[in-house]
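Dropping final16.txt in here (compact mmCIF, C-alpha atoms):
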# COMPACT_ATOMS: atom_id res chain seq x y z
CA MET A 1387 -29.14 -78.32 -120.67
CA SER A 1388 -28.03 -74.79 -120.10
CA MET A 1389 -24.42 -75.71 -119.41
CA PHE A 1390 -23.80 -76.38 -123.10
CA LYS A 1391 -24.33 -72.66 -123.69
CA ILE A 1392 -21.14 -72.01 -121.72
CA PHE A 1393 -19.16 -73.22 -124.71
CA ASP A 1394 -20.92 -70.66 -126.91
CA ILE A 1395 -20.44 -67.87 -124.39
CA SER A 1396 -16.80 -68.56 -123.60
CA GLY A 1397 -16.13 -69.45 -127.22
CA SER A 1398 -17.35 -66.04 -128.35
CA ALA A 1399 -15.09 -64.42 -125.74
CA VAL A 1400 -12.10 -66.48 -126.85
CA SER A 1401 -12.55 -65.56 -130.50
CA SER A 1402 -13.01 -61.87 -129.58
CA GLN A 1403 -9.87 -61.92 -127.49
CA SER A 1404 -7.90 -63.62 -130.23
CA GLN A 1405 -9.03 -60.91 -132.63
CA ARG A 1406 -7.75 -58.38 -130.10
CA LEU A 1407 -4.43 -60.26 -129.99
CA ASN A 1408 -4.33 -60.13 -133.78
CA THR A 1409 -4.62 -56.34 -133.84
CA VAL A 1410 -1.96 -56.09 -131.13
CA ALA A 1411 0.31 -58.26 -133.28
CA SER A 1412 -0.15 -56.08 -136.35
CA ASN A 1413 0.34 -52.92 -134.27
CA LEU A 1414 3.57 -54.23 -132.77
CA ALA A 1415 4.77 -55.39 -136.18
CA ASN A 1416 4.25 -51.88 -137.53
CA VAL A 1417 5.81 -50.02 -134.63
CA ASP A 1418 8.70 -48.78 -136.83
CA THR A 1419 6.82 -48.38 -140.11
CA VAL A 1420 7.53 -45.07 -141.83
CA ALA A 1421 5.13 -43.10 -143.98
CA GLY A 1422 5.00 -44.12 -147.61
CA PRO A 1423 5.04 -41.72 -150.56
CA ASP A 1424 1.46 -40.66 -149.76
CA GLY A 1425 2.65 -39.30 -146.41
CA LYS A 1426 0.34 -41.55 -144.39
CA ALA A 1427 1.93 -43.77 -141.78
CA TYR A 1428 0.35 -46.84 -140.17
CA LYS A 1429 -2.27 -45.99 -137.55
CA ALA A 1430 -2.64 -48.14 -134.46
CA ARG A 1431 -5.81 -50.23 -134.48
CA GLU A 1432 -7.97 -51.20 -131.56
CA VAL A 1433 -10.97 -53.51 -131.29
CA THR A 1434 -14.08 -52.63 -129.25
CA PHE A 1435 -16.14 -55.31 -127.56
CA GLN A 1436 -19.89 -55.52 -127.22
CA THR A 1437 -22.15 -57.85 -125.29
CA VAL A 1438 -24.28 -60.09 -127.48
CA LEU A 1439 -27.26 -61.88 -125.98
CA MET A 1440 -27.50 -65.56 -126.74
CA ASN A 1441 -30.89 -67.21 -126.58
CA THR A 1442 -31.25 -70.20 -124.32
CA PRO A 1443 -34.08 -72.70 -124.21
CA ASP A 1444 -35.10 -71.61 -120.71
CA GLY A 1445 -35.53 -67.99 -121.69
CA VAL A 1446 -32.81 -66.29 -119.66
CA PRO A 1447 -30.33 -65.00 -122.23
CA GLY A 1448 -26.63 -65.74 -121.88
CA ALA A 1449 -24.13 -62.94 -122.33
CA GLY A 1450 -21.56 -63.53 -125.05
CA VAL A 1451 -19.11 -61.08 -126.59
CA LYS A 1452 -18.50 -59.89 -130.11
CA VAL A 1453 -16.12 -57.43 -131.70
CA SER A 1454 -18.34 -54.50 -132.62
CA GLY A 1455 -15.69 -52.67 -134.60
CA VAL A 1456 -12.04 -51.90 -135.22
CA SER A 1457 -11.10 -48.26 -134.75
CA GLU A 1458 -7.95 -46.48 -135.85
CA ASN A 1459 -6.09 -44.26 -133.47
CA GLN A 1460 -6.07 -40.82 -135.13
CA ALA A 1461 -3.16 -39.41 -133.12
CA PRO A 1462 -0.41 -37.92 -135.32
CA GLY A 1463 2.52 -40.21 -136.05
CA ARG A 1464 5.89 -39.93 -134.37
CA LYS A 1465 8.16 -37.45 -136.22
CA VAL A 1466 11.92 -37.91 -136.22
CA HIS A 1467 14.43 -35.50 -137.77
CA ASP A 1468 16.54 -37.59 -140.14
CA PRO A 1469 17.30 -35.73 -143.39
CA ALA A 1470 19.44 -38.60 -144.72
CA ASN A 1471 16.48 -40.99 -144.69
CA PRO A 1472 15.00 -41.49 -148.17
CA SER A 1473 11.50 -41.16 -146.68
CA ALA A 1474 12.21 -37.75 -145.17
CA ASP A 1475 9.93 -34.87 -146.17
CA ALA A 1476 11.06 -31.44 -147.37
CA ASP A 1477 11.96 -30.34 -143.81
CA GLY A 1478 13.95 -33.51 -143.14
CA TYR A 1479 11.36 -35.18 -140.88
CA VAL A 1480 10.43 -38.84 -141.10
CA THR A 1481 6.90 -39.76 -139.94
CA TYR A 1482 6.64 -43.09 -138.16
CA SER A 1483 3.47 -44.94 -137.16
CA ASN A 1484 1.64 -43.76 -134.02
CA VAL A 1485 1.89 -47.17 -132.29
CA ASN A 1486 2.81 -46.99 -128.61
CA ALA A 1487 4.74 -50.19 -127.89
CA VAL A 1488 4.07 -50.04 -124.12
CA ASP A 1489 0.31 -49.69 -124.64
CA GLU A 1490 0.36 -52.65 -126.99
CA MET A 1491 2.26 -54.85 -124.55
CA VAL A 1492 -0.26 -54.04 -121.80
CA ASN A 1493 -3.08 -54.82 -124.23
CA MET A 1494 -1.43 -58.09 -125.16
CA ILE A 1495 -1.07 -59.25 -121.55
CA SER A 1496 -4.66 -58.30 -120.77
CA ALA A 1497 -5.94 -60.14 -123.84
CA SER A 1498 -3.97 -63.29 -123.13
CA ARG A 1499 -5.14 -63.37 -119.49
CA SER A 1500 -8.77 -63.05 -120.55
CA TYR A 1501 -8.20 -65.74 -123.16
CA GLN A 1502 -6.82 -68.11 -120.51
CA ASN A 1503 -9.69 -67.34 -118.14
CA ASN A 1504 -12.26 -68.29 -120.74
CA ILE A 1505 -10.43 -71.48 -121.70
CA GLU A 1506 -10.45 -72.45 -118.03
CA VAL A 1507 -14.19 -71.79 -117.82
CA MET A 1508 -14.73 -74.12 -120.77
CA ASN A 1509 -12.52 -76.82 -119.26
CA THR A 1510 -14.46 -76.68 -115.99
CA ALA A 1511 -17.78 -76.84 -117.84
CA LYS A 1512 -16.53 -79.84 -119.78
CA THR A 1513 -15.48 -81.66 -116.60
CA LEU A 1514 -18.86 -80.97 -114.98
CA LEU A 1515 -20.74 -82.17 -118.05
CA MET A 1516 -18.68 -85.36 -118.20
CA LYS A 1517 -19.55 -86.02 -114.57
CA THR A 1518 -23.19 -85.29 -115.29
CA LEU A 1519 -23.08 -87.93 -118.01
CA GLN A 1520 -22.05 -90.49 -115.41
CA MET A 1521 -24.96 -89.60 -113.15
CA GLY A 1522 -26.48 -92.63 -111.44
CA GLN A 1523 -23.61 -94.95 -112.27
CA GLY A 1524 -21.46 -94.40 -109.22
CA MET B 247 -42.47 -94.06 -103.56
CA ASN B 248 -43.08 -90.35 -103.34
CA ARG B 249 -40.96 -90.17 -100.25
CA MET B 250 -38.10 -91.90 -101.99
CA THR B 251 -38.03 -89.51 -104.92
CA ASN B 252 -38.67 -86.34 -102.90
CA SER B 253 -35.00 -85.83 -102.17
CA LEU B 254 -34.11 -86.70 -105.76
CA ASP B 255 -36.53 -84.08 -107.09
CA PHE B 256 -35.03 -81.47 -104.81
CA GLN B 257 -31.48 -82.29 -105.88
CA ALA B 258 -32.51 -82.21 -109.54
CA GLN B 259 -33.87 -78.68 -109.09
CA ALA B 260 -30.69 -77.65 -107.31
CA LEU B 261 -28.57 -79.13 -110.12
CA THR B 262 -30.49 -77.20 -112.77
CA LEU B 263 -30.06 -73.96 -110.85
CA ARG B 264 -26.36 -74.63 -110.34
CA ALA B 265 -25.95 -75.14 -114.09
CA GLU B 266 -27.84 -71.88 -114.65
CA ARG B 267 -25.59 -70.01 -112.26
CA GLN B 268 -22.51 -71.51 -113.88
CA ARG B 269 -23.68 -70.08 -117.20
CA ILE B 270 -24.31 -66.63 -115.73
CA ILE B 271 -20.83 -66.50 -114.22
CA ALA B 272 -19.33 -67.71 -117.51
CA GLY B 273 -21.08 -64.77 -119.16
CA ASN B 274 -19.56 -62.38 -116.63
CA ILE B 275 -16.07 -63.76 -117.20
CA ALA B 276 -16.56 -63.60 -120.97
CA ASN B 277 -17.52 -59.92 -120.69
CA ALA B 278 -14.65 -58.90 -118.42
CA ASP B 279 -13.35 -56.49 -121.09
CA THR B 280 -16.66 -55.24 -122.50
CA PRO B 281 -17.25 -51.55 -121.80
CA GLY B 282 -20.49 -50.86 -119.90
CA TYR B 283 -21.24 -54.48 -119.07
CA VAL B 284 -22.95 -54.95 -115.70
CA ALA B 285 -22.09 -58.17 -113.88
CA ARG B 286 -25.00 -60.31 -112.71
CA ASP B 287 -25.37 -63.06 -110.21
CA MET B 288 -28.03 -65.31 -108.79
CA ASP B 289 -29.33 -65.34 -105.23
CA PHE B 290 -29.14 -69.09 -105.07
CA ALA B 291 -31.04 -69.66 -101.82
CA SER B 292 -34.12 -67.71 -102.86
CA ALA B 293 -34.01 -69.09 -106.42
CA LEU B 294 -34.03 -72.62 -105.04
CA ARG B 295 -36.79 -71.78 -102.61
CA GLU B 296 -38.85 -70.46 -105.48
CA ALA B 297 -38.09 -73.40 -107.76
CA THR B 298 -39.03 -76.01 -105.19
CA GLY B 299 -42.19 -74.18 -104.20
CA ASN B 300 -41.06 -73.36 -100.66
CA GLN B 301 -41.52 -76.94 -99.50
CA ALA B 302 -38.16 -78.62 -99.22
CA ALA B 303 -36.00 -75.53 -99.27
CA GLY B 304 -37.17 -74.34 -95.87
CA THR B 305 -36.09 -77.48 -94.12
CA MET B 306 -33.14 -78.58 -96.20
CA MET B 307 -31.50 -75.27 -96.89
CA THR B 308 -30.44 -73.30 -93.86
CA GLY B 309 -28.50 -70.72 -95.86
CA GLN B 310 -28.83 -66.98 -95.48
CA MET B 311 -32.08 -65.34 -96.47
CA GLY B 312 -32.51 -62.38 -98.76
CA THR B 313 -29.74 -60.41 -100.34
CA ALA B 314 -26.13 -61.21 -99.70
CA PRO B 315 -23.68 -58.35 -99.18
CA GLY B 316 -22.37 -57.20 -102.54
CA GLN B 317 -25.67 -57.80 -104.28
CA ILE B 318 -28.27 -55.20 -105.14
CA PRO B 319 -31.79 -56.56 -105.45
CA ILE B 320 -33.51 -55.64 -108.70
CA GLY B 321 -37.20 -55.10 -109.11
CA THR B 322 -39.79 -57.45 -110.54
CA GLY B 323 -39.20 -58.53 -114.08
CA SER B 324 -38.48 -61.62 -116.08
CA THR B 325 -35.05 -62.04 -114.51
CA ALA B 326 -36.44 -61.65 -111.00
CA GLU B 327 -38.00 -65.10 -111.26
CA LEU B 328 -34.57 -66.65 -111.25
CA GLY B 329 -33.35 -64.37 -108.49
CA LEU B 330 -30.94 -62.61 -110.85
CA LYS B 331 -29.29 -59.60 -109.31
CA TYR B 332 -26.73 -57.06 -110.33
CA ALA B 333 -23.42 -57.46 -108.56
CA ALA B 334 -22.32 -54.28 -106.83
CA PRO B 335 -18.99 -53.05 -108.19
CA SER B 336 -16.15 -53.32 -105.70
CA GLN B 337 -14.06 -50.81 -107.60
CA THR B 338 -15.17 -48.16 -110.04
CA ASN B 339 -13.96 -48.57 -113.56
CA LEU B 340 -13.45 -45.95 -116.24
CA ASP B 341 -15.39 -47.98 -118.82
CA SER B 342 -18.21 -48.63 -116.27
CA ASN B 343 -17.70 -52.39 -116.45
CA THR B 344 -18.57 -53.93 -113.08
CA VAL B 345 -17.00 -57.39 -113.49
CA ASP B 346 -14.71 -58.13 -110.57
CA MET B 347 -12.54 -60.92 -111.94
CA ASP B 348 -11.37 -62.17 -108.53
CA ARG B 349 -14.91 -62.49 -107.27
CA GLU B 350 -16.16 -64.08 -110.48
CA ARG B 351 -13.43 -66.69 -110.45
CA ALA B 352 -14.09 -67.46 -106.81
CA SER B 353 -17.83 -67.80 -107.47
CA PHE B 354 -17.12 -69.96 -110.50
CA VAL B 355 -14.99 -72.41 -108.53
CA GLU B 356 -17.45 -72.39 -105.62
CA ASN B 357 -20.33 -73.10 -107.94
CA SER B 358 -18.55 -75.94 -109.74
CA VAL B 359 -17.66 -77.61 -106.44
CA LYS B 360 -21.27 -77.34 -105.28
CA TYR B 361 -22.48 -78.64 -108.64
CA GLU B 362 -20.32 -81.71 -108.15
CA ALA B 363 -21.59 -82.07 -104.59
CA THR B 364 -25.18 -82.04 -105.83
CA LEU B 365 -24.27 -84.65 -108.44
CA ARG B 366 -22.81 -86.81 -105.72
CA PHE B 367 -25.97 -86.46 -103.60
CA ILE B 368 -27.98 -87.63 -106.58
CA ASN B 369 -25.67 -90.61 -107.09
CA TYR B 370 -26.01 -91.57 -103.44
CA ASP B 371 -29.78 -91.25 -103.63
CA VAL B 372 -29.85 -93.54 -106.63
CA ARG B 373 -27.61 -96.05 -104.93
CA ASN B 374 -29.75 -95.94 -101.80
CA MET B 375 -32.84 -96.64 -103.82
CA LEU B 376 -31.20 -99.52 -105.67
CA ASP B 377 -29.91 -100.97 -102.41
CA SER B 378 -33.33 -100.84 -100.77
CA MET B 379 -34.82 -102.70 -103.71
CA LYS B 380 -32.45 -105.61 -103.36
CA SER B 381 -33.63 -108.75 -101.63
CA PRO B 382 -31.72 -109.83 -98.52
CA SER B 383 -30.35 -112.92 -100.27
CA GLN B 384 -28.68 -110.77 -102.92
CA GLY B 385 -26.25 -109.35 -100.37

I'd like the structure from this file rewritten - as structure tokens, please.
Amino acid sequence: MSMFKIFDISGSAVSSQSQRLNTVASNLANVDTVAGPDGKAYKAREVTFQTVLMNTPDGVPGAGVKVSGVSENQAPGRKVHDPANPSADADGYVTYSNVNAVDEMVNMISASRSYQNNIEVMNTAKTLLMKTLQMGQG
Amino acid sequence: MNRMTNSLDFQAQALTLRAERQRIIAGNIANADTPGYVARDMDFASALREATGNQAAGTMMTGQMGTAPGQIPIGTGSTAELGLKYAAPSQTNLDSNTVDMDRERASFVENSVKYEATLRFINYDVRNMLDSMKSPSQG
């Protein structure tokens, strides 16, 4: 029954999207992080998705998703002139993380929409399978 | 007896193909954010014609023949047996992903309604068969 594979396919998408939401959460949490004593501030992280083929009994592979990697944004951190700050460097600049809050919000909305879409796909598949179970009774 | 189960066989094939298509569309929706993913879809009419060996499909299905607009036929291969095609992108995307979420969702709902319809046909067939086996005194 190839419909059962839908739960694998959509399930892989849901877990990938939730991993994306996780990175968005840590990025947003670190939006105001300043550089520590080593001079390195938090770098924004981003997940990349990749299609993974799932074998089915009838031979036509289903297309799931996996997170192929988490990359760090290498853009320089935001610099603010604040000589009174204890984390300021010799010139009086404080280096913040390079997280762009607007980008992260957009990412968050996109991830949650995709998450919802896949949940809906699974719900529909479940309803159809339940009706298939009752085949011949009605 | 063969005549009684002919329609049932046809509907069973249709149901299997509908389930197959549901899975393909689920894969498209799952990969809506995957860079470089190419959306695929099934030419249902020709897949059904192929699965039922041209017999019933010609008379029972009066749908459109060949490729629907928005579908590009792909050459012979393992996927061609199922009538799998690549969906033409309606808008270009920077990450070359060709999933059109609006279309996929519409196809998904359409396919699930038709799946249920096929299920209902099967149920009616079964009930018809059971009814015709009853003796007149049974009511």

Give as a tab-separated table (two decimals) with C-alpha atoms, keeping the file's coordinate frame the set of residues within 8 Å of the point (-22.1, -66.0, -115.4), where distances use the file's coordinates and all atoms listed in the file.
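For reference, result.tsv as written:
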chain	number	residue	atom	x	y	z
A	1448	GLY	CA	-26.63	-65.74	-121.88
A	1449	ALA	CA	-24.13	-62.94	-122.33
B	267	ARG	CA	-25.59	-70.01	-112.26
B	268	GLN	CA	-22.51	-71.51	-113.88
B	269	ARG	CA	-23.68	-70.08	-117.20
B	270	ILE	CA	-24.31	-66.63	-115.73
B	271	ILE	CA	-20.83	-66.50	-114.22
B	272	ALA	CA	-19.33	-67.71	-117.51
B	273	GLY	CA	-21.08	-64.77	-119.16
B	274	ASN	CA	-19.56	-62.38	-116.63
B	275	ILE	CA	-16.07	-63.76	-117.20
B	285	ALA	CA	-22.09	-58.17	-113.88
B	286	ARG	CA	-25.00	-60.31	-112.71
B	287	ASP	CA	-25.37	-63.06	-110.21
B	350	GLU	CA	-16.16	-64.08	-110.48

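Among the candidates A:Lys1512, A:Lys1426, A:Arg1499, A:Lys1517, the residue lying nearest to Phe1393 (chain A) is A:Lys1512 (atoms considered: only C-alpha atoms).
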
### Message
At a cut-off of 8 Å, which residues of chain A touch chain B? Count all atoms listed in the file and give the answer as a ChimeraX atom specification.
### Response
/A:1387-1389,1391-1392,1395-1396,1398-1400,1434-1437,1446,1448-1451,1500,1503-1504,1507,1510,1514,1517-1518,1521-1524

### Query
Nearest to Ser1483 (chain A) among A:Gln1460, A:Leu1407, A:Pro1447, A:Tyr1501, with distances taken over all atoms listed in the file: which residue is it?
A:Gln1460

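Separating CA of Val284 (chain B) from CA of Asn343 (chain B) is a distance of 5.9 Å.
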
### Query
Expressed in Å to a single decimal, how great is the separation between CA of Ser353 (chain B) and CA of Asn339 (chain B)?
20.5 Å

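For the pair CA of Pro1469 (chain A) and CA of Asn1416 (chain A), the interatomic distance is 21.6 Å.
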
### Message
Would you pick out the contacts of Val1410 (chain A) at 12 Å or less, using all atoms listed in the file, so that residues sharing its chain but fewer than 3 positions from it are not included, and give the list as a count of residues only?
### Response
30

Padding 5 Å on each side, edges along x, y and z: where is the centre of the box around the listed atoms of region 275-294 of chain B, and how long are its edges in Å to one decimal? Output it as AutoDock Vina command-line options.
--center_x -23.7 --center_y -61.7 --center_z -112.2 --size_x 30.8 --size_y 31.8 --size_z 30.7
